[in-house]
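Note sheet for the following structure.
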Amino acid sequence: MNILIVNAHQPYEFSPGKLTAALIEKATALLQNKGHSVKHSNVLAYDIEDEFAKYQWADAVIFQFPVHWMSVPWQAKKYIDEVFIAGGSGVFCNNDGRSSQNPTANYGTGGLMNDKKYLLSATFNAPAQAFDNPNEYLFQGKSLDDLLLPLHATFRFFAMQKLPSFACFDVLKNPQIEQDFERWKQHLNDLF
């Protein structure tokens, strides 16, 4: 299987990207040891045409990112805007799926990448217990995938198939990095 890993980390002084880099390094080694081919992209430096070729080559995409203010870092959003918008004219999709005969139906069904899968892998300062619990203030019972819905919808717009998401939680205030690495290894082994 051909797997593209996108490093969507935006470095800050308090978050230089060591965990993201370690997760990508561990994924690369594990996947290559299992016989998969791996390529990398980085939202800080890319060529749009090269990105098209990588996505077309890939059978699966792992999008690795830290969650900043309940979303991807701004450099990751810039990458999505530049690469995915440019790919909206025949690379990732032909159109939004609607027709002039019925312009209100089938929005988001014009994707061309239905033979590809994607995996969202996020790192959070939030604890895992903040999710799926209606008694917790911020997410009010919502799940990890509820929070990541805009990203899921983005990949789904291209007809890509969702793989189960992964997250490392509480990475600043209560890190459990070695356990996270073991969970990551198991997650990848289960999927690939």
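Letters A, B, ... mark the chains of the structure tokens in the order given; residue numbers begin at 1 per chain; ligand numbers begin at 1, in order shown.
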(request) Return as a PyMOL selection string the full set of residues in chain A whose backbone-based DSSP assignment is helix (DSSP H, G or I). (result) chain A and resi 18-33+48-57+74-86+128-130+144-147+149-157+177-191
Original post:
Met113 of chain A: which residues within 8 Å, counting only C-alpha atoms, same-chain residues fewer than 4 positions away excluded, as a ChimeraX atom specification?
Top reply: /A:92-93,158-160
Just write the chosen residues, all heavy atoms, as a PDB file, in the first residue's frame.
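Everything below was put into selection33.pdb:
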```pdb
ATOM      1  N   PHE A  92      -8.839  16.222  -7.408  1.00  0.00           N
ATOM      2  CA  PHE A  92      -9.515  15.648  -6.244  1.00  0.00           C
ATOM      3  C   PHE A  92     -11.017  15.493  -6.482  1.00  0.00           C
ATOM      4  O   PHE A  92     -11.651  14.599  -5.945  1.00  0.00           O
ATOM      5  CB  PHE A  92      -9.297  16.512  -5.008  1.00  0.00           C
ATOM      6  CG  PHE A  92      -7.857  16.650  -4.604  1.00  0.00           C
ATOM      7  CD1 PHE A  92      -7.379  17.846  -4.117  1.00  0.00           C
ATOM      8  CD2 PHE A  92      -6.973  15.593  -4.705  1.00  0.00           C
ATOM      9  CE1 PHE A  92      -6.054  17.972  -3.724  1.00  0.00           C
ATOM     10  CE2 PHE A  92      -5.650  15.710  -4.323  1.00  0.00           C
ATOM     11  CZ  PHE A  92      -5.193  16.915  -3.834  1.00  0.00           C
ATOM     12  N   CYS A  93     -11.570  16.409  -7.259  1.00  0.00           N
ATOM     13  CA  CYS A  93     -12.999  16.344  -7.602  1.00  0.00           C
ATOM     14  C   CYS A  93     -13.211  17.104  -8.905  1.00  0.00           C
ATOM     15  O   CYS A  93     -12.380  17.909  -9.304  1.00  0.00           O
ATOM     16  CB  CYS A  93     -13.867  16.933  -6.478  1.00  0.00           C
ATOM     17  SG  CYS A  93     -13.571  18.672  -6.125  1.00  0.00           S
ATOM     18  N   PHE A 158     -13.936  14.800  -1.325  1.00  0.00           N
ATOM     19  CA  PHE A 158     -13.188  14.164  -2.407  1.00  0.00           C
ATOM     20  C   PHE A 158     -13.511  12.686  -2.531  1.00  0.00           C
ATOM     21  O   PHE A 158     -12.873  11.964  -3.291  1.00  0.00           O
ATOM     22  CB  PHE A 158     -11.683  14.346  -2.186  1.00  0.00           C
ATOM     23  CG  PHE A 158     -11.277  15.789  -2.075  1.00  0.00           C
ATOM     24  CD1 PHE A 158     -10.421  16.204  -1.073  1.00  0.00           C
ATOM     25  CD2 PHE A 158     -11.747  16.739  -2.958  1.00  0.00           C
ATOM     26  CE1 PHE A 158     -10.050  17.536  -0.959  1.00  0.00           C
ATOM     27  CE2 PHE A 158     -11.396  18.070  -2.858  1.00  0.00           C
ATOM     28  CZ  PHE A 158     -10.537  18.472  -1.856  1.00  0.00           C
ATOM     29  N   ALA A 159     -14.488  12.199  -1.768  1.00  0.00           N
ATOM     30  CA  ALA A 159     -14.966  10.811  -1.776  1.00  0.00           C
ATOM     31  C   ALA A 159     -13.990   9.853  -1.097  1.00  0.00           C
ATOM     32  O   ALA A 159     -14.059   8.644  -1.314  1.00  0.00           O
ATOM     33  CB  ALA A 159     -15.300  10.339  -3.193  1.00  0.00           C
ATOM     34  N   MET A 160     -13.101  10.372  -0.272  1.00  0.00           N
ATOM     35  CA  MET A 160     -12.160   9.507   0.441  1.00  0.00           C
ATOM     36  C   MET A 160     -12.872   8.807   1.600  1.00  0.00           C
ATOM     37  O   MET A 160     -13.811   9.345   2.177  1.00  0.00           O
ATOM     38  CB  MET A 160     -10.971  10.323   0.949  1.00  0.00           C
ATOM     39  CG  MET A 160     -10.117  10.882  -0.195  1.00  0.00           C
ATOM     40  SD  MET A 160      -8.756  11.920   0.363  1.00  0.00           S
ATOM     41  CE  MET A 160      -7.612  10.663   0.955  1.00  0.00           C
TER      42      MET A 160
END
```
| message | Which residues are near Ser41 of chain A? Cut-off 12 Å, only C-alpha atoms, ignore same chain within fewer than 5 positions. Put them as a list in words. | response | Ile3, Leu4, Ile5, Val6, Asn7, Ala8, His9, Ile24, Tyr46, Asp47, Ile48, Asp50, Glu51, Phe52, Ala53, Lys54, Tyr55, Ala58, Val61, Ile62, Phe63, Gln64, Ala76, Tyr79 and Val83 of chain A
Let me see the file: selected residues, C-alpha atoms, as a PDB file, in the first residue's frame.
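That gives us selection_37.pdb:
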```
ATOM      1  CA  ILE A   3       0.769   5.891   2.226  1.00  0.00           C
ATOM      2  CA  LEU A   4       1.213   9.664   2.300  1.00  0.00           C
ATOM      3  CA  ILE A   5       1.873  11.215   5.716  1.00  0.00           C
ATOM      4  CA  VAL A   6       1.191  14.948   5.941  1.00  0.00           C
ATOM      5  CA  ASN A   7       2.987  16.845   8.699  1.00  0.00           C
ATOM      6  CA  ALA A   8       0.485  19.595   9.485  1.00  0.00           C
ATOM      7  CA  HIS A   9       2.326  20.987  12.494  1.00  0.00           C
ATOM      8  CA  ILE A  24       5.384  10.543  11.944  1.00  0.00           C
ATOM      9  CA  TYR A  46       5.260  22.264  -0.584  1.00  0.00           C
ATOM     10  CA  ASP A  47       4.709  22.488  -4.302  1.00  0.00           C
ATOM     11  CA  ILE A  48       1.071  22.141  -5.372  1.00  0.00           C
ATOM     12  CA  ASP A  50       4.002  17.691  -6.286  1.00  0.00           C
ATOM     13  CA  GLU A  51       1.162  17.409  -3.780  1.00  0.00           C
ATOM     14  CA  PHE A  52      -1.225  16.377  -6.555  1.00  0.00           C
ATOM     15  CA  ALA A  53       1.182  13.611  -7.574  1.00  0.00           C
ATOM     16  CA  LYS A  54       1.533  12.402  -3.970  1.00  0.00           C
ATOM     17  CA  TYR A  55      -2.237  12.248  -3.402  1.00  0.00           C
ATOM     18  CA  ALA A  58      -1.344   7.331  -2.258  1.00  0.00           C
ATOM     19  CA  VAL A  61      -3.318   9.632   3.684  1.00  0.00           C
ATOM     20  CA  ILE A  62      -2.392  10.165   7.324  1.00  0.00           C
ATOM     21  CA  PHE A  63      -2.992  13.800   8.291  1.00  0.00           C
ATOM     22  CA  GLN A  64      -0.963  14.426  11.487  1.00  0.00           C
ATOM     23  CA  ALA A  76      -2.325  23.585   7.695  1.00  0.00           C
ATOM     24  CA  TYR A  79      -2.104  24.171   2.744  1.00  0.00           C
ATOM     25  CA  VAL A  83      -3.674  22.451  -2.526  1.00  0.00           C
TER      26      VAL A  83
END
```
Q: Write out as a PyMOL selection string each polymer residue whose atoms come within 9 Å of segment 142-152 of chain A, counting only C-alpha atoms; drop sequence neighbours fewer than 5 positions from it.
A: chain A and resi 70-72+118+120+128+130-134+157+162+165-167
Write out as JSON lines a residue-level contact list of segment 123-184 of chain A versus segment 10-22 of chain A with cut-off 12 Å: for each qualifying residue the closest pair of atoms and the distance in Å to one decimal, counting only C-alpha atoms, rows sorted by chain and residue number upward.
```
{"residue": "A:Thr123", "atom": "CA", "partner": "A:Thr20", "partner_atom": "CA", "distance": 7.8}
{"residue": "A:Phe124", "atom": "CA", "partner": "A:Leu19", "partner_atom": "CA", "distance": 10.8}
{"residue": "A:Asn125", "atom": "CA", "partner": "A:Ser15", "partner_atom": "CA", "distance": 10.8}
{"residue": "A:Ala167", "atom": "CA", "partner": "A:Thr20", "partner_atom": "CA", "distance": 11.1}
{"residue": "A:Cys168", "atom": "CA", "partner": "A:Leu19", "partner_atom": "CA", "distance": 9.4}
{"residue": "A:Phe169", "atom": "CA", "partner": "A:Leu19", "partner_atom": "CA", "distance": 11.6}
{"residue": "A:Val171", "atom": "CA", "partner": "A:Leu19", "partner_atom": "CA", "distance": 8.8}
{"residue": "A:Leu172", "atom": "CA", "partner": "A:Ser15", "partner_atom": "CA", "distance": 9.1}
{"residue": "A:Pro175", "atom": "CA", "partner": "A:Leu19", "partner_atom": "CA", "distance": 10.6}
{"residue": "A:Gln176", "atom": "CA", "partner": "A:Leu19", "partner_atom": "CA", "distance": 11.4}
{"residue": "A:Ile177", "atom": "CA", "partner": "A:Leu19", "partner_atom": "CA", "distance": 8.3}
{"residue": "A:Glu178", "atom": "CA", "partner": "A:Leu19", "partner_atom": "CA", "distance": 10.9}
{"residue": "A:Asp180", "atom": "CA", "partner": "A:Leu19", "partner_atom": "CA", "distance": 10.1}
{"residue": "A:Phe181", "atom": "CA", "partner": "A:Ala22", "partner_atom": "CA", "distance": 8.7}
{"residue": "A:Trp184", "atom": "CA", "partner": "A:Ala22", "partner_atom": "CA", "distance": 10.8}
```
Take the selection from the previous step and output its residues with C-alpha atoms, as a PDB file, in the first residue's frame.
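Writing the result to out_14.pdb gives the following:
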```pdb
ATOM      1  CA  THR A 123      -2.566  15.941  19.420  1.00  0.00           C
ATOM      2  CA  PHE A 124      -4.405  17.892  22.119  1.00  0.00           C
ATOM      3  CA  ASN A 125      -3.812  19.708  25.356  1.00  0.00           C
ATOM      4  CA  ALA A 167      -5.501  11.287  19.229  1.00  0.00           C
ATOM      5  CA  CYS A 168      -2.924  11.932  21.902  1.00  0.00           C
ATOM      6  CA  PHE A 169      -4.606  13.841  24.724  1.00  0.00           C
ATOM      7  CA  VAL A 171       0.091  16.344  25.945  1.00  0.00           C
ATOM      8  CA  LEU A 172       1.123  19.507  27.800  1.00  0.00           C
ATOM      9  CA  PRO A 175       1.560  13.766  29.034  1.00  0.00           C
ATOM     10  CA  GLN A 176       1.474   9.987  28.666  1.00  0.00           C
ATOM     11  CA  ILE A 177       3.741   9.900  25.631  1.00  0.00           C
ATOM     12  CA  GLU A 178       5.034   6.332  25.888  1.00  0.00           C
ATOM     13  CA  ASP A 180       0.450   7.223  23.295  1.00  0.00           C
ATOM     14  CA  PHE A 181       3.222   5.708  21.191  1.00  0.00           C
ATOM     15  CA  TRP A 184      -0.373   4.645  17.940  1.00  0.00           C
TER      16      TRP A 184
END
```
Next on the checklist: For the strand (DSSP E or B) assignment from backbone DSSP, which residues of chain A qualify? Please present them as an NGL selection string.
Outcome noted: :A and (2-7 or 12 or 15 or 37-42 or 45 or 60-66 or 68 or 71 or 93 or 111 or 117-123 or 161-162 or 166-168)
Pairwise distance, atom CA of Phe155 of chain A with atom CA of Phe84 of chain A, equals 9.5 Å
Taken to one decimal, the atom CA of Asn174 of chain A-atom CA of Ala122 of chain A distance is 16.0 Å
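Near Gln161 of chain A, within 8 Å and counting only C-alpha atoms, sit Asn114, Asp115, Lys116, Lys117, Tyr118, Phe155 and Arg156 of chain A; same-chain residues fewer than 5 positions away were not included.
Shortest atom-to-atom contact with Asn2 of chain A among A:Val43, A:Asp59, A:Phe65, A:Glu49: A:Asp59, counting only C-alpha atoms.
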For Asn95 of chain A, the closest of A:Leu44, A:Leu112, A:Leu23, A:Val38 counting only C-alpha atoms is A:Leu112
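Going from atom CA of Asn42 of chain A to atom CA of Ala153 of chain A covers 21.1 Å.
Proximity of A:Ser121, A:Ala60, A:Asn135, A:Trp74 to Arg183 of chain A, computed with only C-alpha atoms, is greatest for A:Ser121.
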